$ cat input22.cif   # mmCIF, C-alpha atoms; chains and numbers go by the auth columns
data_model
loop_
_atom_site.group_PDB
_atom_site.id
_atom_site.type_symbol
_atom_site.label_atom_id
_atom_site.label_comp_id
_atom_site.label_asym_id
_atom_site.label_seq_id
_atom_site.Cartn_x
_atom_site.Cartn_y
_atom_site.Cartn_z
_atom_site.B_iso_or_equiv
_atom_site.auth_seq_id
_atom_site.auth_asym_id
ATOM 1 C CA MET A 1 0.000 0.000 0.000 0.00 21 A
ATOM 2 C CA ILE A 2 1.439 3.337 -1.043 0.00 22 A
ATOM 3 C CA ASN A 3 1.977 6.130 1.487 0.00 23 A
ATOM 4 C CA ILE A 4 0.718 9.533 0.434 0.00 24 A
ATOM 5 C CA THR A 5 1.365 12.749 2.297 0.00 25 A
ATOM 6 C CA ILE A 6 -0.182 16.063 1.368 0.00 26 A
ATOM 7 C CA VAL A 7 1.873 18.972 2.643 0.00 27 A
ATOM 8 C CA ALA A 8 -0.287 22.078 2.606 0.00 28 A
ATOM 9 C CA VAL A 9 0.596 25.594 3.686 0.00 29 A
ATOM 10 C CA GLY A 10 -2.088 26.838 6.067 0.00 30 A
ATOM 11 C CA ASN A 11 -5.048 25.097 7.591 0.00 31 A
ATOM 12 C CA LEU A 12 -8.680 24.517 6.799 0.00 32 A
ATOM 13 C CA LYS A 13 -11.018 26.790 8.715 0.00 33 A
ATOM 14 C CA GLU A 14 -14.451 26.344 7.166 0.00 34 A
ATOM 15 C CA LYS A 15 -16.660 23.545 8.469 0.00 35 A
ATOM 16 C CA PHE A 16 -17.598 22.401 4.944 0.00 36 A
ATOM 17 C CA SER A 17 -13.915 22.081 3.970 0.00 37 A
ATOM 18 C CA LEU A 18 -13.090 20.124 7.112 0.00 38 A
ATOM 19 C CA GLU A 19 -16.019 17.777 6.483 0.00 39 A
ATOM 20 C CA ALA A 20 -15.054 17.251 2.834 0.00 40 A
ATOM 21 C CA GLU A 21 -11.437 16.533 3.806 0.00 41 A
ATOM 22 C CA LYS A 22 -12.555 14.038 6.441 0.00 42 A
ATOM 23 C CA GLU A 23 -14.816 12.252 3.958 0.00 43 A
ATOM 24 C CA TYR A 24 -12.141 11.928 1.260 0.00 44 A
ATOM 25 C CA LEU A 25 -9.503 10.806 3.760 0.00 45 A
ATOM 26 C CA LYS A 26 -11.915 8.085 4.910 0.00 46 A
ATOM 27 C CA ARG A 27 -12.584 6.979 1.318 0.00 47 A
ATOM 28 C CA LEU A 28 -8.882 7.024 0.417 0.00 48 A
ATOM 29 C CA SER A 29 -7.919 4.885 3.412 0.00 49 A
ATOM 30 C CA ALA A 30 -9.220 1.866 1.485 0.00 50 A
ATOM 31 C CA PHE A 31 -6.543 2.408 -1.179 0.00 51 A
ATOM 32 C CA CYS A 32 -3.540 4.011 0.508 0.00 52 A
ATOM 33 C CA LYS A 33 -2.084 5.300 3.723 0.00 53 A
ATOM 34 C CA ILE A 34 -2.717 9.016 3.596 0.00 54 A
ATOM 35 C CA GLN A 35 -2.032 11.966 5.836 0.00 55 A
ATOM 36 C CA VAL A 36 -2.274 15.724 5.576 0.00 56 A
ATOM 37 C CA VAL A 37 0.457 17.858 7.102 0.00 57 A
ATOM 38 C CA GLU A 38 -0.350 21.526 7.548 0.00 58 A
ATOM 39 C CA THR A 39 2.544 23.968 7.676 0.00 59 A
ATOM 40 C CA LYS A 40 2.596 27.504 8.955 0.00 60 A
ATOM 41 C CA GLU A 41 1.647 30.446 6.750 0.00 61 A
ATOM 42 C CA PHE A 42 3.962 33.451 6.909 0.00 62 A
ATOM 43 C CA ASN A 43 1.588 35.980 5.281 0.00 63 A
ATOM 44 C CA LYS A 44 2.284 38.606 7.952 0.00 64 A
ATOM 45 C CA LEU A 45 5.762 39.218 6.512 0.00 65 A
ATOM 46 C CA GLN A 46 6.130 42.091 4.043 0.00 66 A
ATOM 47 C CA ASN A 47 8.483 40.490 1.517 0.00 67 A
ATOM 48 C CA ILE A 48 6.925 37.895 -0.820 0.00 68 A
ATOM 49 C CA GLU A 49 10.249 36.127 -1.469 0.00 69 A
ATOM 50 C CA LEU A 50 10.835 35.877 2.280 0.00 70 A
ATOM 51 C CA ILE A 51 7.328 34.453 2.741 0.00 71 A
ATOM 52 C CA LYS A 52 8.014 31.782 0.099 0.00 72 A
ATOM 53 C CA GLU A 53 11.424 31.029 1.622 0.00 73 A
ATOM 54 C CA LYS A 54 10.040 30.618 5.166 0.00 74 A
ATOM 55 C CA GLU A 55 7.073 28.535 3.986 0.00 75 A
ATOM 56 C CA GLY A 56 9.464 26.495 1.826 0.00 76 A
ATOM 57 C CA GLU A 57 11.653 25.676 4.829 0.00 77 A
ATOM 58 C CA GLU A 58 8.578 24.272 6.581 0.00 78 A
ATOM 59 C CA ILE A 59 7.503 22.293 3.491 0.00 79 A
ATOM 60 C CA ILE A 60 10.952 20.730 3.013 0.00 80 A
ATOM 61 C CA LYS A 61 10.832 19.228 6.521 0.00 81 A
ATOM 62 C CA HIS A 62 7.994 16.945 5.382 0.00 82 A
ATOM 63 C CA LEU A 63 9.043 15.803 1.899 0.00 83 A
ATOM 64 C CA SER A 64 9.283 12.095 1.068 0.00 84 A
ATOM 65 C CA SER A 65 11.391 10.270 -1.465 0.00 85 A
ATOM 66 C CA PHE A 66 9.132 11.440 -4.299 0.00 86 A
ATOM 67 C CA PRO A 67 7.797 14.983 -3.856 0.00 87 A
ATOM 68 C CA ILE A 68 5.272 16.310 -6.389 0.00 88 A
ATOM 69 C CA LEU A 69 4.479 20.010 -6.619 0.00 89 A
ATOM 70 C CA LEU A 70 0.981 21.146 -7.549 0.00 90 A
ATOM 71 C CA ASP A 71 1.804 24.151 -9.677 0.00 91 A
ATOM 72 C CA VAL A 72 -0.116 26.206 -12.249 0.00 92 A
ATOM 73 C CA ASN A 73 2.895 25.833 -14.575 0.00 93 A
ATOM 74 C CA GLY A 74 3.082 22.066 -14.150 0.00 94 A
ATOM 75 C CA ASN A 75 2.035 19.307 -16.538 0.00 95 A
ATOM 76 C CA GLU A 76 -1.732 19.207 -17.067 0.00 96 A
ATOM 77 C CA GLN A 77 -3.207 15.695 -17.020 0.00 97 A
ATOM 78 C CA THR A 78 -6.561 14.061 -17.442 0.00 98 A
ATOM 79 C CA SER A 79 -7.891 12.064 -14.504 0.00 99 A
ATOM 80 C CA GLU A 80 -6.987 8.864 -16.373 0.00 100 A
ATOM 81 C CA ALA A 81 -3.416 10.066 -16.982 0.00 101 A
ATOM 82 C CA PHE A 82 -3.138 11.070 -13.317 0.00 102 A
ATOM 83 C CA ALA A 83 -4.205 7.536 -12.331 0.00 103 A
ATOM 84 C CA LYS A 84 -1.627 5.991 -14.697 0.00 104 A
ATOM 85 C CA ASN A 85 1.021 8.300 -13.260 0.00 105 A
ATOM 86 C CA LEU A 86 0.170 7.102 -9.723 0.00 106 A
ATOM 87 C CA VAL A 87 0.531 3.483 -10.808 0.00 107 A
ATOM 88 C CA LYS A 88 3.883 4.195 -12.472 0.00 108 A
ATOM 89 C CA LEU A 89 5.190 6.098 -9.458 0.00 109 A
ATOM 90 C CA SER A 90 4.038 3.400 -7.020 0.00 110 A
ATOM 91 C CA LEU A 91 6.294 0.929 -8.829 0.00 111 A
ATOM 92 C CA THR A 92 9.393 2.955 -7.988 0.00 112 A
ATOM 93 C CA SER A 93 8.466 4.718 -4.745 0.00 113 A
ATOM 94 C CA SER A 94 6.459 3.599 -1.725 0.00 114 A
ATOM 95 C CA SER A 95 5.985 7.175 -0.586 0.00 115 A
ATOM 96 C CA LEU A 96 4.665 10.219 -2.454 0.00 116 A
ATOM 97 C CA THR A 97 4.290 13.751 -1.157 0.00 117 A
ATOM 98 C CA PHE A 98 2.014 16.260 -2.864 0.00 118 A
ATOM 99 C CA VAL A 99 2.885 19.877 -2.095 0.00 119 A
ATOM 100 C CA ILE A 100 0.293 22.659 -2.039 0.00 120 A
ATOM 101 C CA GLY A 101 1.996 26.018 -1.621 0.00 121 A
ATOM 102 C CA GLY A 102 0.687 29.126 0.032 0.00 122 A
ATOM 103 C CA SER A 103 -0.878 32.260 -1.408 0.00 123 A
ATOM 104 C CA TYR A 104 2.333 33.301 -3.146 0.00 124 A
ATOM 105 C CA GLY A 105 3.404 29.876 -4.385 0.00 125 A
ATOM 106 C CA VAL A 106 6.605 28.132 -3.288 0.00 126 A
ATOM 107 C CA SER A 107 10.297 28.954 -3.203 0.00 127 A
ATOM 108 C CA GLU A 108 12.669 28.013 -6.003 0.00 128 A
ATOM 109 C CA LYS A 109 14.293 25.558 -3.592 0.00 129 A
ATOM 110 C CA VAL A 110 11.002 23.647 -3.198 0.00 130 A
ATOM 111 C CA LYS A 111 10.439 23.751 -6.965 0.00 131 A
ATOM 112 C CA ASN A 112 13.901 22.309 -7.564 0.00 132 A
ATOM 113 C CA ILE A 113 13.474 19.511 -5.014 0.00 133 A
ATOM 114 C CA CYS A 114 10.142 18.340 -6.420 0.00 134 A
ATOM 115 C CA LYS A 115 10.528 15.580 -8.997 0.00 135 A
ATOM 116 C CA GLN A 116 7.252 16.307 -10.778 0.00 136 A
ATOM 117 C CA LYS A 117 5.084 19.362 -11.226 0.00 137 A
ATOM 118 C CA ILE A 118 1.404 18.826 -11.949 0.00 138 A
ATOM 119 C CA SER A 119 -1.198 21.428 -12.858 0.00 139 A
ATOM 120 C CA PHE A 120 -4.927 20.874 -12.468 0.00 140 A
ATOM 121 C CA SER A 121 -5.678 24.015 -14.480 0.00 141 A
ATOM 122 C CA LYS A 122 -4.225 27.313 -15.630 0.00 142 A
ATOM 123 C CA MET A 123 -6.715 28.914 -13.229 0.00 143 A
ATOM 124 C CA THR A 124 -5.733 29.948 -9.723 0.00 144 A
ATOM 125 C CA PHE A 125 -7.587 28.376 -6.784 0.00 145 A
ATOM 126 C CA PRO A 126 -7.550 29.116 -3.058 0.00 146 A
ATOM 127 C CA HIS A 127 -5.164 26.593 -1.532 0.00 147 A
ATOM 128 C CA ASN A 128 -7.842 25.417 0.931 0.00 148 A
ATOM 129 C CA LEU A 129 -10.233 24.577 -1.909 0.00 149 A
ATOM 130 C CA PHE A 130 -7.417 23.048 -3.900 0.00 150 A
ATOM 131 C CA ARG A 131 -6.660 20.622 -1.080 0.00 151 A
ATOM 132 C CA ILE A 132 -10.179 19.184 -1.429 0.00 152 A
ATOM 133 C CA MET A 133 -9.766 19.058 -5.217 0.00 153 A
ATOM 134 C CA LEU A 134 -6.518 17.090 -4.825 0.00 154 A
ATOM 135 C CA LEU A 135 -8.135 14.646 -2.405 0.00 155 A
ATOM 136 C CA GLU A 136 -11.028 14.144 -4.820 0.00 156 A
ATOM 137 C CA GLN A 137 -8.674 13.536 -7.753 0.00 157 A
ATOM 138 C CA LEU A 138 -6.623 11.067 -5.708 0.00 158 A
ATOM 139 C CA TYR A 139 -9.832 9.225 -4.826 0.00 159 A
ATOM 140 C CA ARG A 140 -10.941 9.310 -8.470 0.00 160 A
ATOM 141 C CA ALA A 141 -7.525 7.986 -9.561 0.00 161 A
ATOM 142 C CA PHE A 142 -7.704 5.061 -7.160 0.00 162 A
ATOM 143 C CA THR A 143 -11.222 4.198 -8.305 0.00 163 A
ATOM 144 C CA ILE A 144 -10.000 4.231 -11.920 0.00 164 A
ATOM 145 C CA ILE A 145 -7.024 2.026 -11.001 0.00 165 A
ATOM 146 C CA ASN A 146 -9.283 -0.407 -9.140 0.00 166 A
ATOM 147 C CA GLY A 147 -12.110 -0.491 -11.688 0.00 167 A
ATOM 148 C CA LYS A 148 -14.698 1.088 -9.399 0.00 168 A
ATOM 149 C CA THR A 149 -17.717 2.876 -10.860 0.00 169 A
ATOM 150 C CA TYR A 150 -17.075 6.290 -9.261 0.00 170 A
ATOM 151 C CA HIS A 151 -15.303 7.662 -12.354 0.00 171 A
ATOM 152 C CA LYS A 152 -17.613 8.163 -15.333 0.00 172 A
#
$ encode --input "input22.cif" --output "C-alpha cells"
Amino acid sequence: MINITIVAVGNLKEKFSLEAEKEYLKRLSAFCKIQVVETKEFNKLQNIELIKEKEGEEIIKHLSSFPILLDVNGNEQTSEAFAKNLVKLSLTSSSLTFVIGGSYGVSEKVKNICKQKISFSKMTFPHNLFRIMLLEQLYRAFTIINGKTYHK
C-alpha cells in the first residue's frame, strides 16, 4: 500500500472544507495510507520572497522520497493520466508527497526539489479549496485504477 502525504501551507477553517477533507480521507484509506500535514503560513511578513522562503523551509521538513508540486505551470493531465502516473510512481516509490503552496506559491528551492510538477488548471484556486480538489482527484484515480464505478 502506497503512502501519500499532502503537505499544505495553512489550515482549513471552514466547516464544509473540514467535512469534505474528512470524507475523502476516509474513502482514500481503502486504497492508501494518507495523511495531511499543515505547515505555517507566513503571510504577515512584508516580503513575498521571504514568505516563500520561510514557507518552503517548513515544506521541506515533510518531503518524502518522491515529492510532487501542484503548480499552475506544471504538466496538465486528465484524470486517467493522473491515475496511470500514480501506478507508475508506485512501482518505484512507496511514498509520495504532494505539495500545495501558500498564497504566493513556493520557493525556487522547493520547486527544484520536487521531482514532478502537476497542474490541475491554468486557473488559480484558493489553496484550501485546492486541497479538497486534490483529495477528490486522488480518490478518483484510485477508483480508476481499481475499476470502481465512481469515475464516469
$ resolve_selection --input "input22.cif" --expression "the PyMOL selection byres ((chain A and resi 115-124) around 8)" --output "JSON, numbers by chain"
{"A": [22, 23, 24, 25, 26, 27, 28, 29, 30, 61, 68, 71, 72, 75, 79, 83, 84, 85, 86, 87, 88, 89, 90, 91, 110, 113, 114, 125, 126, 146, 147, 150, 151]}
$ write_last_selection --input "input22.cif" --atoms "C-alpha atoms" --output "compact mmCIF listing (two decimals), in the frame of the given file"
# COMPACT_ATOMS: atom_id res chain seq x y z
CA ILE A 22 1.44 3.34 -1.04
CA ASN A 23 1.98 6.13 1.49
CA ILE A 24 0.72 9.53 0.43
CA THR A 25 1.36 12.75 2.30
CA ILE A 26 -0.18 16.06 1.37
CA VAL A 27 1.87 18.97 2.64
CA ALA A 28 -0.29 22.08 2.61
CA VAL A 29 0.60 25.59 3.69
CA GLY A 30 -2.09 26.84 6.07
CA GLU A 61 1.65 30.45 6.75
CA ILE A 68 6.92 37.90 -0.82
CA ILE A 71 7.33 34.45 2.74
CA LYS A 72 8.01 31.78 0.10
CA GLU A 75 7.07 28.54 3.99
CA ILE A 79 7.50 22.29 3.49
CA LEU A 83 9.04 15.80 1.90
CA SER A 84 9.28 12.10 1.07
CA SER A 85 11.39 10.27 -1.46
CA PHE A 86 9.13 11.44 -4.30
CA PRO A 87 7.80 14.98 -3.86
CA ILE A 88 5.27 16.31 -6.39
CA LEU A 89 4.48 20.01 -6.62
CA LEU A 90 0.98 21.15 -7.55
CA ASP A 91 1.80 24.15 -9.68
CA SER A 110 4.04 3.40 -7.02
CA SER A 113 8.47 4.72 -4.74
CA SER A 114 6.46 3.60 -1.72
CA GLY A 125 3.40 29.88 -4.38
CA VAL A 126 6.60 28.13 -3.29
CA PRO A 146 -7.55 29.12 -3.06
CA HIS A 147 -5.16 26.59 -1.53
CA PHE A 150 -7.42 23.05 -3.90
CA ARG A 151 -6.66 20.62 -1.08
$ closest_residue --input "input22.cif" --among "A:Leu45, A:Ile80, A:Leu38, A:Ile54" --to "A:Ile133" --atoms "only C-alpha atoms"
A:Ile80
$ atom_distance --input "input22.cif" --atom1 "atom CA of A:Leu149" --atom2 "atom CA of A:Asn105"
22.8 Å
$ closest_residue --input "input22.cif" --among "A:Gln136, A:Glu58, A:Ala103, A:Leu155" --to "A:Lys33" --atoms "all atoms listed in the file"
A:Glu58
$ closest_residue --input "input22.cif" --among "A:Phe162, A:Gly167, A:Leu111, A:Thr98" --to "A:Ile138" --atoms "only C-alpha atoms"
A:Thr98
$ closest_residue --input "input22.cif" --among "A:Asn31, A:Thr163, A:Asn148, A:Ser139" --to "A:Asn93" --atoms "all atoms listed in the file"
A:Ser139
$ resolve_selection --input "input22.cif" --expression "the PyMOL selection byres ((chain A and resi 129) around 9)" --output "PyMOL selection string"
chain A and resi 73+76-77+80+126-128+130-134
$ closest_residue --input "input22.cif" --among "A:Gln157, A:Phe145, A:Thr169, A:Ser49" --to "A:Ala101" --atoms "only C-alpha atoms"
A:Gln157
$ atom_distance --input "input22.cif" --atom1 "atom CA of A:Ser99" --atom2 "atom CA of A:Tyr44"
16.3 Å
